[in-house]
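Okay, query_32.cif is below, mmCIF, C-alpha atoms:
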```cif
data_data
loop_
_atom_site.label_atom_id
_atom_site.label_comp_id
_atom_site.auth_asym_id
_atom_site.auth_seq_id
_atom_site.Cartn_x
_atom_site.Cartn_y
_atom_site.Cartn_z
CA MET A 12 21.42 -63.45 -20.42
CA SER A 13 18.40 -63.14 -18.14
CA THR A 14 17.33 -59.91 -16.53
CA ALA A 15 15.55 -59.53 -13.22
CA PRO A 16 11.92 -58.51 -13.52
CA VAL A 17 11.23 -54.84 -12.77
CA THR A 18 8.92 -54.39 -9.84
CA PRO A 19 6.50 -51.54 -10.48
CA SER A 20 6.60 -48.77 -7.92
CA PRO A 21 3.56 -48.63 -5.69
CA THR A 22 0.95 -46.08 -6.67
CA PRO A 23 0.54 -43.42 -3.99
CA SER A 24 -2.77 -43.54 -2.26
CA LEU A 25 -5.38 -40.85 -2.66
CA LEU A 26 -4.77 -39.67 0.90
CA GLY A 27 -1.04 -39.41 0.24
CA ARG A 28 -1.60 -37.32 -2.89
CA ARG A 29 -3.80 -34.95 -0.91
CA LEU A 30 -1.38 -34.61 2.00
CA THR A 31 1.75 -34.04 -0.11
CA PRO A 32 0.95 -30.40 -1.05
CA TRP A 33 0.12 -29.62 2.57
CA GLY A 34 3.47 -31.08 3.60
CA PHE A 35 5.27 -28.61 1.35
CA LEU A 36 3.10 -25.75 2.60
CA ALA A 37 3.46 -26.64 6.27
CA PRO A 38 6.67 -24.63 6.98
CA ALA A 39 5.25 -21.48 5.39
CA LEU A 40 1.91 -21.93 7.14
CA LEU A 41 3.67 -22.43 10.48
CA LEU A 42 5.71 -19.28 9.98
CA LEU A 43 2.59 -17.37 8.96
CA ALA A 44 0.72 -18.60 12.02
CA VAL A 45 3.51 -17.66 14.43
CA SER A 46 4.22 -14.25 12.92
CA VAL A 47 0.74 -13.11 11.85
CA LEU A 48 -2.20 -15.23 12.97
CA VAL A 49 -1.24 -15.72 16.62
CA PRO A 50 -0.41 -12.01 17.22
CA ALA A 51 -3.65 -11.03 15.45
CA ALA A 52 -5.67 -13.35 17.68
CA MET A 53 -3.90 -11.99 20.78
CA ALA A 54 -4.63 -8.40 19.68
CA LEU A 55 -8.31 -9.31 19.23
CA VAL A 56 -8.48 -10.72 22.76
CA ILE A 57 -6.58 -7.79 24.27
CA SER A 58 -8.99 -5.30 22.66
CA PHE A 59 -11.67 -6.59 25.06
CA THR A 60 -9.45 -6.12 28.13
CA ALA A 61 -7.85 -3.31 30.12
CA THR A 62 -4.19 -4.09 29.53
CA GLY A 63 -1.23 -1.80 29.96
CA LEU A 64 2.43 -2.20 29.17
CA ASP A 65 2.98 -5.08 31.62
CA MET A 66 1.68 -8.09 29.69
CA SER A 67 2.63 -10.43 32.54
CA GLU A 68 -0.36 -9.27 34.57
CA PRO A 69 -3.58 -11.29 34.22
CA LEU A 70 -6.00 -10.00 31.63
CA ARG A 71 -8.94 -8.03 33.02
CA PHE A 72 -11.87 -8.25 30.61
CA VAL A 73 -13.92 -5.09 30.21
CA GLY A 74 -16.27 -6.25 27.48
CA LEU A 75 -17.13 -3.58 24.89
CA ALA A 76 -15.75 -0.67 26.93
CA ASN A 77 -12.88 -0.03 24.49
CA ILE A 78 -15.23 -0.15 21.50
CA ARG A 79 -17.57 2.34 23.18
CA ARG A 80 -14.57 4.57 23.86
CA LEU A 81 -13.54 4.27 20.22
CA LEU A 82 -16.98 5.34 18.98
CA THR A 83 -16.89 8.45 21.18
CA ASP A 84 -13.24 9.35 20.65
CA PRO A 85 -12.98 12.63 18.67
CA VAL A 86 -9.27 12.06 18.01
CA PHE A 87 -10.03 8.71 16.36
CA PHE A 88 -12.48 10.33 13.94
CA GLN A 89 -9.98 13.12 13.28
CA VAL A 90 -7.22 10.67 12.32
CA LEU A 91 -9.76 8.65 10.35
CA GLY A 92 -10.57 11.78 8.35
CA THR A 93 -6.87 12.49 7.83
CA THR A 94 -6.36 8.93 6.61
CA PHE A 95 -9.29 9.35 4.20
CA LEU A 96 -7.78 12.59 2.87
CA PHE A 97 -4.47 10.80 2.39
CA LEU A 98 -6.24 8.00 0.52
CA VAL A 99 -8.13 10.42 -1.75
CA GLY A 100 -5.00 12.43 -2.42
CA VAL A 101 -2.81 9.43 -3.25
CA VAL A 102 -4.91 6.76 -4.97
CA PRO A 103 -6.20 8.66 -8.07
CA PRO A 104 -2.76 10.09 -8.96
CA ILE A 105 -1.18 6.67 -8.49
CA VAL A 106 -3.75 4.94 -10.70
CA PHE A 107 -3.68 7.45 -13.56
CA GLY A 108 -0.01 8.33 -13.20
CA SER A 109 1.22 4.74 -13.24
CA LEU A 110 -1.11 3.93 -16.14
CA ALA A 111 0.27 6.88 -18.11
CA LEU A 112 3.84 5.77 -17.39
CA ALA A 113 3.02 2.22 -18.48
CA VAL A 114 1.57 3.47 -21.78
CA LEU A 115 4.64 5.67 -22.24
CA VAL A 116 7.17 2.86 -21.79
CA ASN A 117 5.13 0.22 -23.64
CA ARG A 118 6.84 1.05 -26.90
CA SER A 119 9.39 -0.71 -29.06
CA LEU A 120 12.01 2.02 -29.03
CA PRO A 121 15.80 1.80 -28.66
CA GLY A 122 16.80 2.00 -25.00
CA ILE A 123 13.24 1.89 -23.70
CA HIS A 124 14.31 -0.58 -21.02
CA TRP A 125 16.47 2.17 -19.49
CA PHE A 126 13.40 4.35 -19.08
CA ARG A 127 11.52 1.47 -17.46
CA ALA A 128 14.41 0.95 -15.05
CA ALA A 129 14.56 4.67 -14.27
CA PHE A 130 10.86 4.84 -13.44
CA TYR A 131 11.11 1.70 -11.30
CA THR A 132 14.22 2.82 -9.38
CA PRO A 133 12.28 4.66 -6.58
CA VAL A 134 10.65 1.35 -5.65
CA LEU A 135 14.08 -0.04 -4.78
CA VAL A 136 14.91 2.88 -2.49
CA SER A 137 14.21 2.23 1.18
CA ILE A 138 11.27 4.24 2.51
CA VAL A 139 13.51 5.34 5.40
CA VAL A 140 16.07 6.76 2.98
CA ALA A 141 13.36 8.37 0.85
CA ALA A 142 11.64 10.00 3.84
CA ILE A 143 14.91 11.40 5.22
CA ALA A 144 15.91 12.69 1.78
CA PHE A 145 12.56 14.41 1.23
CA ARG A 146 12.65 15.85 4.74
CA TRP A 147 15.95 17.49 3.83
CA LEU A 148 14.51 18.74 0.53
CA TYR A 149 11.49 20.23 2.33
CA ALA A 150 13.52 21.94 5.09
CA GLU A 151 13.45 25.75 5.28
CA ASN A 152 17.16 25.74 4.43
CA GLY A 153 16.76 22.77 2.09
CA LEU A 154 17.15 22.41 -1.65
CA ILE A 155 13.61 23.39 -2.70
CA ASN A 156 13.60 26.61 -0.69
CA GLY A 157 17.13 27.29 -1.92
CA TRP A 158 16.00 27.05 -5.54
CA LEU A 159 12.97 29.25 -4.89
CA ALA A 160 15.11 31.83 -3.13
CA ALA A 161 17.52 31.90 -6.08
CA LEU A 162 14.63 32.38 -8.52
CA LEU A 163 12.56 34.91 -6.55
CA GLY A 164 15.31 36.97 -4.96
CA GLY A 165 15.92 38.33 -1.48
CA THR A 166 12.26 38.99 -0.63
CA PHE A 167 11.48 35.29 -0.62
CA GLU A 168 10.33 33.83 2.70
CA PRO A 169 11.17 30.11 3.17
CA ILE A 170 8.13 27.82 2.91
CA GLY A 171 7.57 25.47 5.83
CA PHE A 172 6.49 22.40 3.88
CA LEU A 173 6.55 20.19 6.99
CA THR A 174 5.65 22.86 9.55
CA SER A 175 2.49 24.20 7.91
CA PRO A 176 -0.75 22.29 8.67
CA LEU A 177 -1.93 22.95 5.11
CA LEU A 178 1.24 21.74 3.36
CA ALA A 179 2.47 18.91 5.57
CA LEU A 180 0.00 16.25 4.42
CA PRO A 181 0.47 16.95 0.66
CA ALA A 182 4.24 16.91 1.23
CA VAL A 183 4.02 13.44 2.75
CA MET A 184 1.68 12.32 -0.05
CA LEU A 185 4.32 13.25 -2.60
CA VAL A 186 6.79 10.80 -1.05
CA THR A 187 4.22 7.99 -1.30
CA LEU A 188 3.52 8.88 -4.93
CA TRP A 189 7.22 8.98 -5.78
CA LYS A 190 7.73 5.56 -4.22
CA GLY A 191 4.65 3.88 -5.66
CA LEU A 192 4.33 4.99 -9.27
CA GLY A 193 7.00 2.66 -10.62
CA TYR A 194 5.63 -0.37 -8.75
CA TYR A 195 2.11 -0.01 -10.11
CA MET A 196 3.49 0.90 -13.54
CA VAL A 197 4.87 -2.64 -13.80
CA ILE A 198 1.41 -4.09 -13.11
CA PHE A 199 -0.14 -2.00 -15.87
CA LEU A 200 2.76 -2.78 -18.20
CA ALA A 201 2.07 -6.50 -17.79
CA GLY A 202 -1.55 -5.90 -18.73
CA LEU A 203 -0.64 -3.75 -21.73
CA GLN A 204 1.71 -6.36 -23.12
CA GLY A 205 -1.11 -8.88 -22.95
CA ILE A 206 -3.22 -6.84 -25.39
CA SER A 207 -2.85 -7.96 -28.98
CA PRO A 208 -1.55 -5.27 -31.40
CA GLU A 209 -4.12 -6.50 -33.90
CA LEU A 210 -6.85 -4.86 -31.82
CA TYR A 211 -5.22 -1.46 -32.25
CA GLU A 212 -4.77 -2.09 -35.98
CA ALA A 213 -8.45 -2.97 -36.32
CA ALA A 214 -9.40 0.11 -34.30
CA ALA A 215 -7.22 2.29 -36.54
CA LEU A 216 -9.21 1.10 -39.58
CA ASP A 217 -12.32 2.39 -37.83
CA GLY A 218 -10.74 5.78 -37.19
CA SER A 219 -9.61 5.19 -33.62
CA GLU A 220 -6.02 6.39 -33.49
CA GLY A 221 -3.66 8.02 -31.03
CA TRP A 222 -5.01 8.63 -27.55
CA ARG A 223 -8.51 7.71 -28.71
CA SER A 224 -7.37 4.12 -29.22
CA HIS A 225 -6.44 3.99 -25.53
CA LEU A 226 -9.95 5.11 -24.61
CA ASP A 227 -11.53 2.53 -26.93
CA ILE A 228 -9.14 -0.41 -26.41
CA THR A 229 -6.72 0.05 -23.53
CA LEU A 230 -8.99 1.24 -20.73
CA PRO A 231 -11.77 -1.36 -21.23
CA LEU A 232 -9.29 -4.25 -21.40
CA LEU A 233 -7.31 -2.99 -18.40
CA ARG A 234 -10.35 -2.59 -16.19
CA PRO A 235 -9.40 -5.54 -13.90
CA TYR A 236 -5.89 -4.12 -13.52
CA ILE A 237 -7.21 -0.63 -12.79
CA THR A 238 -9.46 -2.03 -10.08
CA LEU A 239 -6.60 -4.07 -8.65
CA VAL A 240 -4.21 -1.12 -8.53
CA ALA A 241 -6.88 1.17 -7.06
CA VAL A 242 -7.74 -1.24 -4.25
CA ILE A 243 -4.23 -2.31 -3.27
CA SER A 244 -2.96 1.28 -3.38
CA ALA A 245 -5.93 2.28 -1.20
CA ILE A 246 -4.99 -0.43 1.30
CA ALA A 247 -1.37 0.76 1.29
CA ALA A 248 -2.48 4.39 1.77
CA THR A 249 -4.70 3.38 4.68
CA LYS A 250 -1.73 1.73 6.39
CA VAL A 251 0.79 4.55 5.81
CA PHE A 252 3.16 4.98 8.74
CA GLU A 253 6.87 5.27 7.91
CA GLU A 254 6.59 8.54 5.99
CA VAL A 255 4.60 10.16 8.78
CA PHE A 256 6.84 8.83 11.54
CA LEU A 257 10.09 9.93 9.91
CA MET A 258 8.98 13.27 8.46
CA THR A 259 6.38 14.88 10.73
CA GLN A 260 5.71 12.68 13.79
CA GLY A 261 2.00 13.28 13.14
CA GLY A 262 2.30 17.07 13.25
CA PRO A 263 1.98 19.92 12.88
CA ALA A 264 -1.24 20.21 14.90
CA ASP A 265 -2.02 16.53 14.16
CA SER A 266 -2.50 17.38 10.48
CA THR A 267 -0.59 14.25 9.37
CA ARG A 268 -1.65 11.89 12.15
CA THR A 269 -2.96 8.82 10.36
CA LEU A 270 -4.72 5.75 11.69
CA VAL A 271 -1.64 3.54 11.96
CA TYR A 272 0.33 6.33 13.61
CA TYR A 273 -2.51 6.70 16.13
CA VAL A 274 -2.20 2.99 16.94
CA TYR A 275 1.54 3.45 17.46
CA ASP A 276 0.97 6.55 19.59
CA GLN A 277 -1.57 4.85 21.85
CA ALA A 278 0.58 1.74 22.28
CA PHE A 279 4.05 3.22 22.78
CA SER A 280 3.44 6.81 23.90
CA GLU A 281 0.28 6.51 25.98
CA LEU A 282 1.03 2.86 26.91
CA GLU A 283 -2.65 1.92 26.40
CA ILE A 284 -2.13 -1.44 24.73
CA SER A 285 -5.76 -2.57 24.88
CA TYR A 286 -7.10 0.63 23.28
CA ALA A 287 -4.35 0.50 20.62
CA CYS A 288 -5.50 -3.04 19.78
CA THR A 289 -9.08 -1.75 19.48
CA VAL A 290 -7.99 0.94 17.02
CA GLY A 291 -6.01 -1.73 15.19
CA LEU A 292 -9.17 -3.84 15.00
CA ALA A 293 -10.97 -0.92 13.33
CA LEU A 294 -8.08 -0.64 10.86
CA PHE A 295 -8.32 -4.37 10.15
CA LEU A 296 -12.02 -4.04 9.34
CA ILE A 297 -11.32 -1.15 6.95
CA VAL A 298 -8.63 -3.13 5.13
CA LEU A 299 -10.95 -6.16 5.03
CA VAL A 300 -13.62 -4.05 3.33
CA PHE A 301 -11.11 -2.95 0.67
CA SER A 302 -10.02 -6.56 0.12
CA LEU A 303 -13.59 -7.76 -0.30
CA LEU A 304 -14.25 -4.84 -2.64
CA ARG A 305 -11.33 -5.89 -4.83
CA TYR A 306 -12.60 -9.46 -4.97
CA LEU A 307 -16.15 -8.38 -5.84
CA LEU A 308 -15.13 -5.85 -8.49
CA THR A 309 -12.51 -7.89 -10.33
CA GLY A 310 -14.00 -11.37 -9.98
CA ASP A 311 -10.68 -12.65 -11.35
CA ARG A 312 -8.59 -14.76 -9.01
CA SER A 313 -5.73 -14.92 -11.46
CA LEU A 314 -4.77 -11.36 -10.50
CA THR A 315 -4.62 -12.16 -6.79
#
```
Written form, structure tokens:
Amino acid sequence: MSTAPVTPSPTPSLLGRRLTPWGFLAPALLLLAVSVLVPAAMALVISFTATGLDMSEPLRFVGLANIRRLLTDPVFFQVLGTTFLFLVGVVPPIVFGSLALAVLVNRSLPGIHWFRAAFYTPVLVSIVVAAIAFRWLYAENGLINGWLAALLGGTFEPIGFLTSPLLALPAVMLVTLWKGLGYYMVIFLAGLQGISPELYEAAALDGSEGWRSHLDITLPLLRPYITLVAVISAIAATKVFEEVFLMTQGGPADSTRTLVYYVYDQAFSELEISYACTVGLALFLIVLVFSLLRYLLTGDRSLT
């Protein structure tokens, strides 16, 4: 019984092999271009114009007038300082707090996965829900003041956590910390589980035990992860908006007015679209600096 000869399938050309990955990436790239790249390019062009709310009017180019206004705007430098304070107040506690949580749950104990889930649960909560819940907790007739009044007695005066210029920004920072610790804990936990236990055993023979072993072994080996968490949490802190919008509206006395909220305020309250795009351009440059810093410090693309 004869069989028909099998015709070998044609070998794809070199050009075809190169174009195939781009074919799979094309839908995502198109979506990215429409939703991110095109609006970003339009914002860059608008920042050099005098454009209001009516985008149907022809663009009137004003050159560097908006940039000169930005460099002489005292409110911009005030919100830039507030954003820097927010960054300084959030990033170090997030880095060290999430690292401590990761070390705590990186143990082979019964039910440890429940603790990991409990620490990660705030990440799953919507920032809108978290901000509204914390706003209720911080209220003068809220839960925190109620507890303090019960402990201190009738002479207690309610604390205005969100109405005091000194307390409003730390109160908002606490929401960001509560939301972010579990997320960055998972990053550190992945790094910790990549460290061989034999290194700790060898260090124990040399007298490095307990917390000292973390100083000698854990911290040096987690340096790329520490840099990664520090930079991406700094970028997230620079772009904070939802907490401020839902809890304080930038007040009191502009003490919580951050850079992104200033962009929103200029665009939708003052209706100065072109100047809002200029402030957004400054924010883009700040985030770009943080991104380049992460790349230069880690030098490891596998963590990207």
- Task: Give me, please, the distance in Å between atom CA of Val183 of chain A and atom CA of Gly153 of chain A, quoted to one decimal.
- Result: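 If I compute the distance from atom CA of Val183 of chain A to atom CA of Gly153 of chain A, I get 15.8 Å.
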- Task: Determine the residue membership of the PyMOL selection byres ((chain A and resi 246) around 12) for the file above and supply it as number ranges by chain.
- Result: A: 94-95, 97-99, 101-102, 239-245, 247-251, 271, 294-305
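What separates atom CA of Lys190 of chain A from atom CA of Ser137 of chain A is a distance of 9.1 Å.
The interatomic distance for the pair atom CA of Pro32 of chain A and atom CA of Met53 of chain A works out to 29.0 Å.
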- Considering all atoms listed in the file, return as a PyMOL selection string whatever protein or nucleic-acid residues lie within 10 Å of Leu81 of chain A, sequence-local ones (same chain, fewer than 3 positions apart) excluded. chain A and resi 75-78+84-88+286-287+289-290+293
- Message: Nearest residue to Ile105 of chain A out of A:Leu233, A:Leu192, A:Leu154, A:Leu82, using all atoms listed in the file?
- Response: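 Checking each candidate against Ile105 of chain A, we get A:Leu192 as the closest.
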- Query: Skipping near chain neighbours, those fewer than 6 positions away, what residues fall within 9 Å of segment 118-128 of chain A using only C-alpha atoms, listed as a PyMOL selection string?
  - Reply: chain A and resi 112+193+196-197
Output file for the residues above (C-alpha atoms, as a JSON list (two decimals), in the frame of the given file):
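Saved the output as again.json:
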```json
[["chain", "number", "residue", "atom", "x", "y", "z"],
["A", 112, "LEU", "CA", 3.84, 5.77, -17.39],
["A", 193, "GLY", "CA", 7.00, 2.66, -10.62],
["A", 196, "MET", "CA", 3.49, 0.90, -13.54],
["A", 197, "VAL", "CA", 4.87, -2.64, -13.80]]
```
Please report, as JSON lines, each residue of segment 158-261 of chain A lying at most 12 Å from segment 143-149 of chain A, together with the nearest pair of atoms and the separation in Å rounded to one decimal; use all atoms listed in the file, and order rows by chain and ascending residue number.
```
{"residue": "A:Trp158", "atom": "CA", "partner": "A:Leu148", "partner_atom": "CA", "distance": 10.4}
{"residue": "A:Leu159", "atom": "CA", "partner": "A:Tyr149", "partner_atom": "CA", "distance": 11.6}
{"residue": "A:Pro169", "atom": "CA", "partner": "A:Tyr149", "partner_atom": "CA", "distance": 9.9}
{"residue": "A:Ile170", "atom": "CA", "partner": "A:Tyr149", "partner_atom": "CA", "distance": 8.3}
{"residue": "A:Gly171", "atom": "CA", "partner": "A:Tyr149", "partner_atom": "CA", "distance": 7.4}
{"residue": "A:Phe172", "atom": "CA", "partner": "A:Tyr149", "partner_atom": "CA", "distance": 5.7}
{"residue": "A:Leu173", "atom": "CA", "partner": "A:Tyr149", "partner_atom": "CA", "distance": 6.8}
{"residue": "A:Thr174", "atom": "CA", "partner": "A:Tyr149", "partner_atom": "CA", "distance": 9.7}
{"residue": "A:Ser175", "atom": "CA", "partner": "A:Tyr149", "partner_atom": "CA", "distance": 11.3}
{"residue": "A:Leu178", "atom": "CA", "partner": "A:Tyr149", "partner_atom": "CA", "distance": 10.4}
{"residue": "A:Ala179", "atom": "CA", "partner": "A:Tyr149", "partner_atom": "CA", "distance": 9.7}
{"residue": "A:Pro181", "atom": "CA", "partner": "A:Tyr149", "partner_atom": "CA", "distance": 11.6}
{"residue": "A:Ala182", "atom": "CA", "partner": "A:Tyr149", "partner_atom": "CA", "distance": 8.0}
{"residue": "A:Val183", "atom": "CA", "partner": "A:Phe145", "partner_atom": "CA", "distance": 8.7}
{"residue": "A:Met184", "atom": "CA", "partner": "A:Phe145", "partner_atom": "CA", "distance": 11.2}
{"residue": "A:Leu185", "atom": "CA", "partner": "A:Phe145", "partner_atom": "CA", "distance": 9.2}
{"residue": "A:Val186", "atom": "CA", "partner": "A:Phe145", "partner_atom": "CA", "distance": 7.2}
{"residue": "A:Thr187", "atom": "CA", "partner": "A:Phe145", "partner_atom": "CA", "distance": 10.8}
{"residue": "A:Trp189", "atom": "CA", "partner": "A:Phe145", "partner_atom": "CA", "distance": 10.4}
{"residue": "A:Lys190", "atom": "CA", "partner": "A:Phe145", "partner_atom": "CA", "distance": 11.5}
{"residue": "A:Glu253", "atom": "CA", "partner": "A:Ile143", "partner_atom": "CA", "distance": 10.5}
{"residue": "A:Glu254", "atom": "CA", "partner": "A:Ile143", "partner_atom": "CA", "distance": 8.8}
{"residue": "A:Val255", "atom": "CA", "partner": "A:Arg146", "partner_atom": "CA", "distance": 10.7}
{"residue": "A:Phe256", "atom": "CA", "partner": "A:Ile143", "partner_atom": "CA", "distance": 10.6}
{"residue": "A:Leu257", "atom": "CA", "partner": "A:Ile143", "partner_atom": "CA", "distance": 6.9}
{"residue": "A:Met258", "atom": "CA", "partner": "A:Arg146", "partner_atom": "CA", "distance": 5.8}
{"residue": "A:Thr259", "atom": "CA", "partner": "A:Arg146", "partner_atom": "CA", "distance": 8.7}
{"residue": "A:Gln260", "atom": "CA", "partner": "A:Arg146", "partner_atom": "CA", "distance": 11.8}
```
- Task: Between A:Ala264, A:Leu96, A:Ala54, A:Leu162, single out the one closest to Ala278 of chain A, counting only C-alpha atoms.
- Result: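 So, comparing all the options, the nearest one is A:Ala54.
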- Message: Measuring between all atoms listed in the file, which one of A:Val90, A:Ala215, A:Leu43, A:Ala129 shows the shortest distance to Gly261 of chain A?
- Response: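 Looking at the shortest contact to Gly261 of chain A, the residue is A:Val90.
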- Message: Under the rule that all atoms listed in the file are counted, which of A:Leu177, A:Leu200, A:Gly191, A:Leu307 is the nearest residue to Gly262 of chain A?
- Response: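 Among the listed residues, the smallest separation from Gly262 of chain A belongs to A:Leu177.
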To box segment 106-113 of chain A, take all atoms listed in the file, fit an axis-aligned box, add 4 Å on each side, and give centre and edge lengths in Å to one decimal, as lines of an AutoDock Vina configuration file.
```
center_x = 0.0
center_y = 5.3
center_z = -14.6
size_x = 15.6
size_y = 14.1
size_z = 15.8
```
Could I see segment 250-262 of chain A restored to N, CA and C atoms, set down as a JSON list (two decimals), in the coordinates of the input?
```json
[["chain", "number", "residue", "atom", "x", "y", "z"],
["A", 250, "LYS", "N", -2.70, 2.22, 5.41],
["A", 250, "LYS", "CA", -1.73, 1.73, 6.39],
["A", 250, "LYS", "C", -0.43, 2.54, 6.41],
["A", 251, "VAL", "N", -0.44, 3.75, 5.87],
["A", 251, "VAL", "CA", 0.79, 4.55, 5.81],
["A", 251, "VAL", "C", 1.28, 4.86, 7.22],
["A", 252, "PHE", "N", 2.59, 4.71, 7.43],
["A", 252, "PHE", "CA", 3.16, 4.98, 8.74],
["A", 252, "PHE", "C", 4.58, 5.55, 8.65],
["A", 253, "GLU", "N", 5.46, 4.90, 7.88],
["A", 253, "GLU", "CA", 6.87, 5.27, 7.91],
["A", 253, "GLU", "C", 7.10, 6.72, 7.50],
["A", 254, "GLU", "N", 6.41, 7.17, 6.44],
["A", 254, "GLU", "CA", 6.59, 8.54, 5.99],
["A", 254, "GLU", "C", 6.21, 9.53, 7.08],
["A", 255, "VAL", "N", 5.07, 9.26, 7.73],
["A", 255, "VAL", "CA", 4.60, 10.16, 8.78],
["A", 255, "VAL", "C", 5.56, 10.15, 9.97],
["A", 256, "PHE", "N", 5.98, 8.96, 10.37],
["A", 256, "PHE", "CA", 6.84, 8.83, 11.54],
["A", 256, "PHE", "C", 8.18, 9.53, 11.33],
["A", 257, "LEU", "N", 8.75, 9.41, 10.15],
["A", 257, "LEU", "CA", 10.09, 9.93, 9.91],
["A", 257, "LEU", "C", 10.09, 11.40, 9.52],
["A", 258, "MET", "N", 8.97, 11.91, 8.99],
["A", 258, "MET", "CA", 8.98, 13.27, 8.46],
["A", 258, "MET", "C", 8.28, 14.27, 9.36],
["A", 259, "THR", "N", 7.17, 13.89, 10.00],
["A", 259, "THR", "CA", 6.38, 14.88, 10.73],
["A", 259, "THR", "C", 6.00, 14.46, 12.14],
["A", 260, "GLN", "N", 6.13, 13.18, 12.48],
["A", 260, "GLN", "CA", 5.71, 12.68, 13.79],
["A", 260, "GLN", "C", 4.23, 13.00, 14.05],
["A", 261, "GLY", "N", 3.42, 13.01, 13.00],
["A", 261, "GLY", "CA", 2.00, 13.28, 13.14],
["A", 261, "GLY", "C", 1.63, 14.74, 13.15],
["A", 262, "GLY", "N", 2.58, 15.64, 13.22],
["A", 262, "GLY", "CA", 2.30, 17.07, 13.25],
["A", 262, "GLY", "C", 2.37, 17.69, 11.87]]
```
